[in-house]
file start_15.txt (compact mmCIF, C-alpha atoms)
# COMPACT_ATOMS: atom_id res chain seq x y z
CA MET A 723 -63.06 -73.16 -119.86
CA SER A 724 -66.81 -73.62 -119.98
CA ARG A 725 -68.51 -71.40 -117.45
CA ILE A 726 -71.17 -74.01 -116.80
CA GLY A 727 -68.96 -77.08 -117.14
CA LYS A 728 -66.39 -75.96 -114.57
CA LEU A 729 -68.96 -75.52 -111.78
CA PRO A 730 -68.94 -78.39 -109.26
CA ILE A 731 -72.19 -80.26 -108.60
CA ALA A 732 -73.14 -80.39 -104.92
CA VAL A 733 -74.35 -83.84 -103.84
CA PRO A 734 -76.87 -83.51 -100.98
CA ASN A 735 -77.11 -85.92 -98.04
CA GLY A 736 -79.00 -89.11 -98.86
CA VAL A 737 -77.81 -89.12 -102.50
CA THR A 738 -75.10 -91.48 -103.72
CA VAL A 739 -73.18 -91.02 -106.97
CA ALA A 740 -71.38 -94.05 -108.43
CA ILE A 741 -68.90 -93.33 -111.24
CA ASP A 742 -67.85 -96.32 -113.36
CA GLY A 743 -65.79 -95.07 -116.29
CA SER A 744 -68.21 -93.13 -118.50
CA THR A 745 -71.36 -94.44 -116.75
CA VAL A 746 -72.71 -92.47 -113.80
CA LYS A 747 -75.42 -93.78 -111.47
CA VAL A 748 -77.24 -91.47 -109.08
CA LYS A 749 -79.44 -92.89 -106.33
CA GLY A 750 -81.65 -90.88 -103.98
CA PRO A 751 -85.01 -90.79 -102.20
CA LYS A 752 -87.03 -90.26 -105.44
CA GLY A 753 -85.41 -93.08 -107.39
CA GLU A 754 -82.31 -94.15 -109.27
CA LEU A 755 -81.02 -92.78 -112.58
CA SER A 756 -78.18 -93.95 -114.80
CA ARG A 757 -76.58 -92.37 -117.88
CA THR A 758 -73.62 -93.14 -120.11
CA PHE A 759 -71.64 -90.03 -121.02
CA PRO A 760 -69.07 -89.57 -123.82
CA THR A 761 -65.80 -91.34 -122.99
CA ALA A 762 -63.68 -88.22 -123.60
CA LEU A 763 -65.03 -86.56 -120.44
CA SER A 764 -63.89 -87.55 -116.97
CA PHE A 765 -65.84 -87.35 -113.71
CA ALA A 766 -64.32 -86.99 -110.25
CA GLN A 767 -65.98 -87.09 -106.85
CA GLU A 768 -64.35 -85.52 -103.82
CA GLY A 769 -66.15 -84.63 -100.63
CA GLY A 770 -69.75 -83.79 -101.39
CA LYS A 771 -69.07 -82.51 -104.91
CA VAL A 772 -68.77 -84.00 -108.38
CA THR A 773 -66.73 -82.27 -111.09
CA VAL A 774 -66.64 -82.80 -114.86
CA SER A 775 -63.46 -82.19 -116.83
CA ARG A 776 -62.51 -82.37 -120.50
CA PRO A 777 -59.19 -83.42 -122.05
CA ASP A 778 -58.59 -80.37 -124.28
CA ASP A 779 -60.20 -77.28 -125.83
CA GLU A 780 -61.43 -79.01 -129.00
CA GLY A 781 -64.81 -77.64 -130.08
CA ASN A 782 -66.66 -80.92 -129.64
CA HIS A 783 -65.24 -81.43 -126.13
CA LYS A 784 -66.16 -77.87 -125.14
CA ALA A 785 -69.76 -78.44 -126.23
CA LEU A 786 -70.03 -81.77 -124.41
CA HIS A 787 -68.45 -80.36 -121.23
CA GLY A 788 -71.29 -78.00 -120.30
CA LEU A 789 -73.97 -80.39 -121.56
CA SER A 790 -72.69 -83.32 -119.50
CA ARG A 791 -72.38 -81.22 -116.36
CA THR A 792 -75.97 -79.98 -116.76
CA LEU A 793 -77.32 -83.49 -117.43
CA LEU A 794 -75.60 -84.79 -114.29
CA ALA A 795 -76.90 -81.85 -112.23
CA ASN A 796 -80.43 -82.62 -113.50
CA MET A 797 -80.01 -86.24 -112.43
CA VAL A 798 -78.99 -85.18 -108.91
CA GLU A 799 -81.90 -82.74 -108.65
CA GLY A 800 -84.32 -85.33 -110.04
CA VAL A 801 -83.53 -87.95 -107.40
CA THR A 802 -83.79 -85.36 -104.59
CA LYS A 803 -86.74 -83.12 -105.56
CA GLY A 804 -88.14 -84.68 -108.72
CA TYR A 805 -89.65 -82.87 -111.70
CA GLN A 806 -93.26 -81.94 -112.40
CA LYS A 807 -95.18 -80.62 -115.40
CA THR A 808 -98.82 -79.57 -115.40
CA LEU A 809 -101.11 -79.63 -118.42
CA GLU A 810 -104.49 -77.87 -118.71
CA ILE A 811 -107.30 -79.26 -120.86
CA THR A 812 -109.70 -76.70 -122.38
CA GLY A 813 -112.86 -77.56 -124.31
CA VAL A 814 -116.45 -78.68 -123.78
CA GLY A 815 -116.45 -82.34 -122.77
CA TYR A 816 -112.65 -82.60 -122.78
CA LYS A 817 -111.39 -84.45 -119.69
CA ALA A 818 -108.80 -86.85 -118.31
CA GLU A 819 -109.37 -89.78 -115.97
CA VAL A 820 -106.70 -91.77 -114.14
CA ARG A 821 -106.64 -95.50 -114.91
CA PRO A 822 -104.29 -98.25 -113.62
CA TYR A 823 -102.31 -98.16 -116.89
CA GLY A 824 -102.11 -94.35 -117.12
CA LEU A 825 -104.74 -91.91 -118.44
CA GLN A 826 -107.97 -92.14 -120.37
CA LEU A 827 -108.55 -88.92 -122.31
CA SER A 828 -111.75 -87.62 -123.89
CA LEU A 829 -110.65 -85.00 -126.41
CA GLY A 830 -113.59 -84.58 -128.78
CA PHE A 831 -112.77 -87.56 -130.97
CA SER A 832 -115.23 -90.40 -131.63
CA HIS A 833 -113.21 -92.60 -129.26
CA GLN A 834 -111.40 -92.42 -125.92
CA ILE A 835 -107.60 -92.20 -126.00
CA GLU A 836 -105.66 -94.48 -123.66
CA PHE A 837 -102.25 -93.04 -122.76
CA ARG A 838 -99.89 -95.51 -121.08
CA ALA A 839 -97.35 -94.06 -118.66
CA PRO A 840 -93.73 -95.20 -119.12
CA ALA A 841 -91.79 -96.61 -116.18
CA GLY A 842 -90.60 -93.94 -113.74
CA VAL A 843 -93.37 -91.43 -114.60
CA LYS A 844 -96.49 -90.93 -112.48
CA LEU A 845 -99.62 -89.42 -114.05
CA SER A 846 -102.41 -87.91 -111.96
CA ALA A 847 -105.50 -85.83 -112.61
CA PRO A 848 -106.46 -83.80 -109.50
CA GLN A 849 -109.28 -82.27 -111.57
CA PRO A 850 -110.78 -83.62 -114.82
CA THR A 851 -109.20 -80.72 -116.74
CA VAL A 852 -105.73 -80.82 -115.15
CA VAL A 853 -103.04 -83.47 -115.70
CA VAL A 854 -99.94 -83.57 -113.48
CA ILE A 855 -96.85 -85.49 -114.61
CA ASP A 856 -94.25 -86.38 -111.94
CA GLY A 857 -90.92 -88.17 -112.21
CA ALA A 858 -87.22 -88.15 -111.39
CA ASP A 859 -85.98 -88.02 -115.01
CA LYS A 860 -86.39 -84.51 -116.46
CA GLU A 861 -86.22 -85.80 -120.05
CA LYS A 862 -88.95 -88.41 -119.54
CA VAL A 863 -91.28 -85.95 -117.78
CA GLY A 864 -90.90 -83.42 -120.59
CA GLN A 865 -91.32 -86.07 -123.29
CA VAL A 866 -94.51 -87.47 -121.73
CA ALA A 867 -95.93 -83.94 -121.36
CA SER A 868 -95.13 -83.24 -125.01
CA GLU A 869 -96.73 -86.50 -126.17
CA ILE A 870 -99.94 -85.83 -124.22
CA ARG A 871 -100.08 -82.24 -125.55
CA SER A 872 -99.62 -83.49 -129.12
CA LEU A 873 -102.81 -85.59 -128.87
CA ARG A 874 -104.86 -82.36 -129.18
CA PRO A 875 -102.71 -79.20 -129.40
CA PRO A 876 -104.50 -75.92 -128.66
CA GLU A 877 -106.16 -74.38 -131.70
CA PRO A 878 -105.93 -70.61 -132.31
CA TYR A 879 -109.63 -69.74 -132.75
CA LYS A 880 -111.29 -70.94 -129.53
CA GLY A 881 -108.20 -72.15 -127.65
CA LYS A 882 -109.53 -75.71 -127.27
CA GLY A 883 -106.99 -78.45 -126.63
CA ILE A 884 -104.22 -79.38 -124.22
CA ARG A 885 -101.70 -76.73 -123.16
CA TYR A 886 -98.90 -76.41 -120.63
CA GLN A 887 -99.83 -74.55 -117.46
CA GLY A 888 -99.20 -70.85 -118.06
CA GLU A 889 -98.78 -71.24 -121.84
CA GLN A 890 -100.18 -68.32 -123.82
CA ILE A 891 -102.07 -69.19 -127.01
CA ARG A 892 -102.11 -66.58 -129.79
CA ARG A 893 -105.73 -66.18 -130.76
CA LYS A 894 -107.00 -65.39 -134.25
CA ALA A 895 -110.05 -63.26 -135.05
CA GLY A 896 -111.92 -65.80 -137.19
CA LYS A 897 -114.25 -64.90 -140.05
CA ALA A 898 -114.82 -61.25 -140.79
CA GLY A 899 -118.66 -61.52 -141.01
CA GLY A 900 -120.86 -59.58 -143.46
CA LYS A 901 -121.47 -55.83 -143.65
call {"tool": "encode", "arguments": {"input": "start_15.txt", "output": "structure tokens"}}
result
Amino acid sequence: MSRIGKLPIAVPNGVTVAIDGSTVKVKGPKGELSRTFPTALSFAQEGGKVTVSRPDDEGNHKALHGLSRTLLANMVEGVTKGYQKTLEITGVGYKAEVRPYGLQLSLGFSHQIEFRAPAGVKLSAPQPTVVVIDGADKEKVGQVASEIRSLRPPEPYKGKGIRYQGEQIRRKAGKAGGK
């Protein structure tokens, strides 16, 4: 039995879980999420807990068991607490400004970059060099953070670019000057 897959998922007060075959909908104070899981797995809700079970010990079912349980747990946590990623912008003149459509980024190119936020994700810039991404869907928050970082990844010589908060950049020495 999967050690992760067999753990029940606690459903807090104020969160409703609707199971319709292989589709699970989770609704809470931070929003509503829906996901279709593989049909081989079955979901059961009793009391304030949801459990995931698999039909047999086939390798594919074992792999999907723990994955599906974790995805469902992330959905429940997302609609209760939400997820947040913070990006830091380093470089002279590099900055981010909030616009109605999302973000306007100045990253040393000859033009401004307009980044449009997908539905369910909120972008904010408390400081011009800090971008905060909030949302209920862990996958979307991580994907948006990755897309913004890929616009100007940190370079190894001066460290200029966009990095995750707390990310360590391996620095290189640069040219070895004359004698």
call {"tool": "atom_distance", "arguments": {"input": "start_15.txt", "atom1": "atom CA of Gly769 of chain A", "atom2": "atom CA of Glu799 of chain A"}}
result
17.8 Å
call {"tool": "closest_residue", "arguments": {"input": "start_15.txt", "among": "A:Ile835, A:Ala766, A:Ala858, A:Val820", "to": "Gly804 of chain A", "atoms": "all atoms listed in the file"}}
result
A:Ala858
call {"tool": "residues_around", "arguments": {"input": "start_15.txt", "residues": "Asp742 of chain A", "least_positions_apart": "2", "cutoff": "12 Å", "atoms": "all atoms listed in the file", "output": "VMD selection string"}}
result
chain A and resid 739 to 740 744 to 748 756 to 759 761 764 to 767
call {"tool": "atom_distance", "arguments": {"input": "start_15.txt", "atom1": "atom CA of Val853 of chain A", "atom2": "atom CA of Leu809 of chain A"}}
result
5.1 Å
call {"tool": "atom_distance", "arguments": {"input": "start_15.txt", "atom1": "atom CA of Val737 of chain A", "atom2": "atom CA of Lys749 of chain A"}}
result
5.6 Å
call {"tool": "closest_residue", "arguments": {"input": "start_15.txt", "among": "A:Gly781, A:Gly830, A:Pro734, A:Pro848", "to": "Ala795 of chain A", "atoms": "only C-alpha atoms"}}
result
A:Pro734
call {"tool": "residues_around", "arguments": {"input": "start_15.txt", "residues": "His787 of chain A", "least_positions_apart": "2", "cutoff": "8 Å", "atoms": "all atoms listed in the file", "output": "count of residues only"}}
result
12
call {"tool": "residues_near_point", "arguments": {"input": "start_15.txt", "point": "(-101.4, -77.2, -124.6)", "cutoff": "12 Å", "atoms": "all atoms listed in the file", "output": "ChimeraX atom specification"}}
result
/A:807-813,851-853,867-878,881-892
call {"tool": "residues_near_point", "arguments": {"input": "start_15.txt", "point": "(-103.1, -95.1, -110.4)", "cutoff": "10 Å", "atoms": "only C-alpha atoms", "output": "list of chain:residue names"}}
result
A:Glu819, A:Val820, A:Arg821, A:Pro822, A:Tyr823, A:Gly824, A:Leu825, A:Lys844, A:Leu845, A:Ser846, A:Ala847
call {"tool": "closest_residue", "arguments": {"input": "start_15.txt", "among": "A:Lys803, A:Lys771, A:Lys862, A:Lys897", "to": "Ala841 of chain A", "atoms": "all atoms listed in the file"}}
result
A:Lys862
call {"tool": "decode", "arguments": {"input": "start_15.txt", "residues": "segment 802-825 of chain A", "atoms": "N, CA and C atoms", "output": "CSV table (one decimal), in the first residue's frame"}}
result
chain,number,residue,atom,x,y,z
A,802,THR,N,-8.4,26.6,1.0
A,802,THR,CA,-8.4,27.1,2.4
A,802,THR,C,-7.4,28.2,2.7
A,803,LYS,N,-6.1,27.9,2.4
A,803,LYS,CA,-5.0,28.9,2.7
A,803,LYS,C,-4.6,29.6,1.4
A,804,GLY,N,-4.6,28.9,0.3
A,804,GLY,CA,-4.0,29.5,-0.9
A,804,GLY,C,-2.5,29.3,-1.0
A,805,TYR,N,-1.9,29.5,-2.2
A,805,TYR,CA,-0.5,29.4,-2.4
A,805,TYR,C,0.1,30.7,-2.8
A,806,GLN,N,1.4,30.9,-2.5
A,806,GLN,CA,2.0,32.1,-2.8
A,806,GLN,C,3.5,31.9,-3.2
A,807,LYS,N,4.0,32.5,-4.2
A,807,LYS,CA,5.4,32.5,-4.6
A,807,LYS,C,5.8,33.9,-4.7
A,808,THR,N,7.1,34.2,-4.3
A,808,THR,CA,7.7,35.5,-4.4
A,808,THR,C,8.9,35.5,-5.3
A,809,LEU,N,9.0,36.5,-6.2
A,809,LEU,CA,10.1,36.6,-7.1
A,809,LEU,C,10.8,37.9,-6.8
A,810,GLU,N,12.2,37.9,-6.9
A,810,GLU,CA,13.0,39.1,-6.7
A,810,GLU,C,13.6,39.5,-8.0
A,811,ILE,N,13.6,40.8,-8.3
A,811,ILE,CA,14.2,41.3,-9.5
A,811,ILE,C,15.4,42.0,-9.1
A,812,THR,N,16.6,41.6,-9.8
A,812,THR,CA,17.9,42.3,-9.5
A,812,THR,C,18.4,42.8,-10.8
A,813,GLY,N,18.9,44.1,-10.7
A,813,GLY,CA,19.5,44.7,-11.9
A,813,GLY,C,19.2,46.2,-11.9
A,814,VAL,N,20.1,47.0,-12.5
A,814,VAL,CA,19.9,48.4,-12.5
A,814,VAL,C,18.8,48.7,-13.5
A,815,GLY,N,17.7,49.4,-13.1
A,815,GLY,CA,16.6,49.7,-13.9
A,815,GLY,C,15.6,48.6,-14.1
A,816,TYR,N,15.8,47.5,-13.5
A,816,TYR,CA,14.8,46.4,-13.7
A,816,TYR,C,13.7,46.6,-12.6
A,817,LYS,N,12.5,46.5,-13.1
A,817,LYS,CA,11.4,46.8,-12.2
A,817,LYS,C,10.1,46.1,-12.7
A,818,ALA,N,9.1,46.0,-11.9
A,818,ALA,CA,7.8,45.5,-12.2
A,818,ALA,C,6.7,46.5,-11.7
A,819,GLU,N,5.7,46.7,-12.6
A,819,GLU,CA,4.6,47.6,-12.2
A,819,GLU,C,3.3,46.9,-12.4
A,820,VAL,N,2.4,47.0,-11.5
A,820,VAL,CA,1.1,46.3,-11.6
A,820,VAL,C,0.2,47.2,-12.6
A,821,ARG,N,-0.5,46.5,-13.5
A,821,ARG,CA,-1.4,47.0,-14.5
A,821,ARG,C,-2.7,46.3,-14.3
A,822,PRO,N,-3.8,46.8,-14.9
A,822,PRO,CA,-5.1,46.1,-14.8
A,822,PRO,C,-5.0,44.7,-15.4
A,823,TYR,N,-4.2,44.5,-16.4
A,823,TYR,CA,-4.2,43.2,-17.1
A,823,TYR,C,-3.2,42.2,-16.5
A,824,GLY,N,-2.3,42.7,-15.6
A,824,GLY,CA,-1.3,41.9,-15.0
A,824,GLY,C,-0.1,42.7,-14.6
A,825,LEU,N,1.1,42.5,-15.2
A,825,LEU,CA,2.3,43.2,-14.9
A,825,LEU,C,3.0,43.8,-16.1
